[in-house]
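Please read the structure below before turning to the comments.
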Amino acid sequence: MKNIKTLHKAGYAAAIILTVIGVYACLSRYVLPTSTHIWLSNILYGPEYTQKALPALASKPGIEIVHRLLGAIYLIIGLLQFSPRFRKQRPRLHKTLGKIFMVFSITAAVSGMLFAVLVPFAGFLEVFPIFTFAFFMLYATYRAYVHIRRGEVMAHREWIARSYAVGLGIATIRVMVLVINYLTAFKLDQPQVVMVSLWGGWVLTLGAVEVYNQMLHAEQQKKLRAKAVV
Ligand code: HEM
């Protein structure tokens, strides 16, 4: 029990940090002066991504605004939804936000796939990680919905956590790009850095969430067995 509580706290702290990174990535283009946004992007993503990818994404303003704005709201709603205190104190709001969260996970996955097809920074190969994780996000959201309609709260929780892991993964990916680039002094091929970070960031985040899910599952089974003995 103590282990799972510590893990939950650590996971929640990580989710806060990843949310801040993700929301910054989404909104910096709209809220910061252009020169500051470009300056920071050069530092965080490197000059090649800044010069090639940002204008390419901006050439699809409709998809971009859906992806960035709804993506930022998605991340903030996610933090609230995964807070046990919030769920306990505001169950009706949890239900309403849950529906919005599910819709925004669909818009994120679909607009992400459109980006990968229309303006991929890493070329055609980018379609593989993007479609893999986008379809996984859609599937996990669908499973979470089906389980909650049947009143299966534990299974709902596990699947929505997997869906959320894909959303949070976009911030892990950005941290990976930054770490790889600074460790190698920006000497590597940038599209390859992005490809490695896409696979690595998502696998890492989903893996961490899966460890948490399995520990929660084991804890639940232990509780049920203890109840049966009594
Ligand atoms: C759900 C939360 C999400 C947020 C907050 C988010 C955020 C962003 C942001 C801010 C960008 C613009 C690049 C930048 O300025 O950093 C971007 C680009 C992109 N996103 Fe997302 N995203 C999310 C989910 C997804 C999902 C689920 C997919 C697909 C699996 C996806 C695929 C893409 C692609 C392909 C690009 C363009 C990358 C390139 O330059 O080639 N995103 N995303």
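Following the order of the structure tokens, chains are lettered A, B, ..., residues in each are numbered from 1, and ligands are numbered from 1.
Residue neighbourhood of stretch 3-19 of chain A, excluding near-sequence residues (fewer than 5 positions): Tyr24, Ala72, Leu75, Ile76, Gly78, Leu79, Phe82, Ser83, Leu168, Gly169, Ile170, Ala171, Thr172, Ala208, Val209, Tyr212, Met215, Leu216 and Glu219 of chain A, at 9 Å, using only C-alpha atoms.
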Would you list the residues that come within 7 Å of ligand 1? Count only C-alpha atoms and all ligand atoms and give the answer as a compact mmCIF listing (two decimals) with C-alpha atoms, in the first residue's frame.
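Below is the file that was written, out10.txt:
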# COMPACT_ATOMS: atom_id res chain seq x y z
CA GLY A 22 3.56 20.21 -23.04
CA VAL A 23 1.46 23.32 -22.39
CA ALA A 25 5.16 23.70 -26.33
CA CYS A 26 1.53 24.22 -27.36
CA ALA A 53 9.22 22.34 -38.84
CA LEU A 54 7.67 25.41 -37.24
CA LEU A 57 3.22 23.35 -39.06
CA HIS A 67 -3.68 20.37 -32.19
CA ARG A 68 -2.05 23.01 -30.00
CA GLY A 71 -3.87 19.59 -26.79
CA ALA A 72 -3.01 22.11 -24.07
CA TYR A 74 -6.35 18.10 -22.78
CA LEU A 75 -3.14 18.06 -20.69
CA SER A 105 -7.78 12.69 -27.19
CA ALA A 108 -5.15 15.13 -30.79
CA ALA A 109 -4.62 11.74 -32.42
CA GLY A 112 -1.33 14.46 -35.16
CA MET A 113 -1.80 11.90 -37.95
CA PHE A 115 0.58 16.51 -39.44
CA ALA A 116 2.56 13.30 -39.99
CA VAL A 119 4.21 18.08 -43.00
CA PRO A 120 6.44 15.42 -41.41
CA PHE A 121 9.76 16.85 -40.20
CA ALA A 122 11.38 13.39 -40.26
CA ILE A 130 2.78 8.50 -35.20
CA PHE A 131 0.15 6.10 -36.55
CA PHE A 133 0.66 5.59 -31.01
CA ALA A 134 -2.28 7.56 -32.42
CA MET A 137 -4.52 6.26 -28.06
CA VAL A 166 0.32 8.86 -25.09
CA GLY A 167 -0.69 12.50 -24.43
CA LEU A 168 1.96 12.99 -21.72
CA ILE A 170 4.63 14.21 -26.25
Handout entry: Nearest to A:Ser59, chosen from A:Leu118, A:Lys99, A:Ala144, A:Ser28, with only C-alpha atoms counted in the distances
Key =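 Ranked by minimum distance to A:Ser59, first place goes to A:Leu118.
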Would you compute the distance between atom CA of A:Ser35 and atom CA of A:Glu48? Give it in Å to one decimal.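 Separating atom CA of A:Ser35 from atom CA of A:Glu48 is a distance of 16.2 Å.
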When you look at A:Met176 with a cut-off of 9 Å (counting only C-alpha atoms), what residues show up, excluding the ones that are within fewer than 6 positions of it in the same chain? I need them as a PDB file with N, CA and C atoms, in the first residue's frame.
ATOM      1  N   VAL A 193      17.134  12.126 -34.812  1.00  0.00           N
ATOM      2  CA  VAL A 193      16.957  12.412 -33.379  1.00  0.00           C
ATOM      3  C   VAL A 193      15.460  12.422 -33.052  1.00  0.00           C
ATOM      4  N   VAL A 194      14.673  13.048 -33.941  1.00  0.00           N
ATOM      5  CA  VAL A 194      13.219  13.106 -33.716  1.00  0.00           C
ATOM      6  C   VAL A 194      12.620  11.696 -33.758  1.00  0.00           C
ATOM      7  N   VAL A 196      14.065   8.743 -33.110  1.00  0.00           N
ATOM      8  CA  VAL A 196      14.456   7.992 -31.902  1.00  0.00           C
ATOM      9  C   VAL A 196      13.642   8.500 -30.699  1.00  0.00           C
ATOM     10  N   SER A 197      13.471   9.812 -30.628  1.00  0.00           N
ATOM     11  CA  SER A 197      12.754  10.387 -29.481  1.00  0.00           C
ATOM     12  C   SER A 197      11.270  10.034 -29.523  1.00  0.00           C
ATOM     13  N   LEU A 198      10.688   9.963 -30.739  1.00  0.00           N
ATOM     14  CA  LEU A 198       9.260   9.603 -30.835  1.00  0.00           C
ATOM     15  C   LEU A 198       9.046   8.197 -30.275  1.00  0.00           C
ATOM     16  N   GLY A 200      11.210   6.355 -28.446  1.00  0.00           N
ATOM     17  CA  GLY A 200      11.717   6.258 -27.069  1.00  0.00           C
ATOM     18  C   GLY A 200      10.799   6.934 -26.061  1.00  0.00           C
ATOM     19  N   GLY A 201      10.368   8.161 -26.381  1.00  0.00           N
ATOM     20  CA  GLY A 201       9.553   8.934 -25.433  1.00  0.00           C
ATOM     21  C   GLY A 201       8.227   8.250 -25.153  1.00  0.00           C
TER      22      GLY A 201
END
Closest of A:Phe86, A:Pro61, A:Val146, A:His94 to A:Ser111, counting only C-alpha atoms, is A:Pro61
In terms of only C-alpha atoms, the residue from A:Val20, A:Leu178, A:Leu138, A:Val117 at minimal distance from A:Ala56 is A:Val117
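Of the listed residues (A:Leu224, A:Val66, A:Leu114, A:Ala140), A:Ala140 comes nearest to A:Ser163; the distances count only C-alpha atoms.
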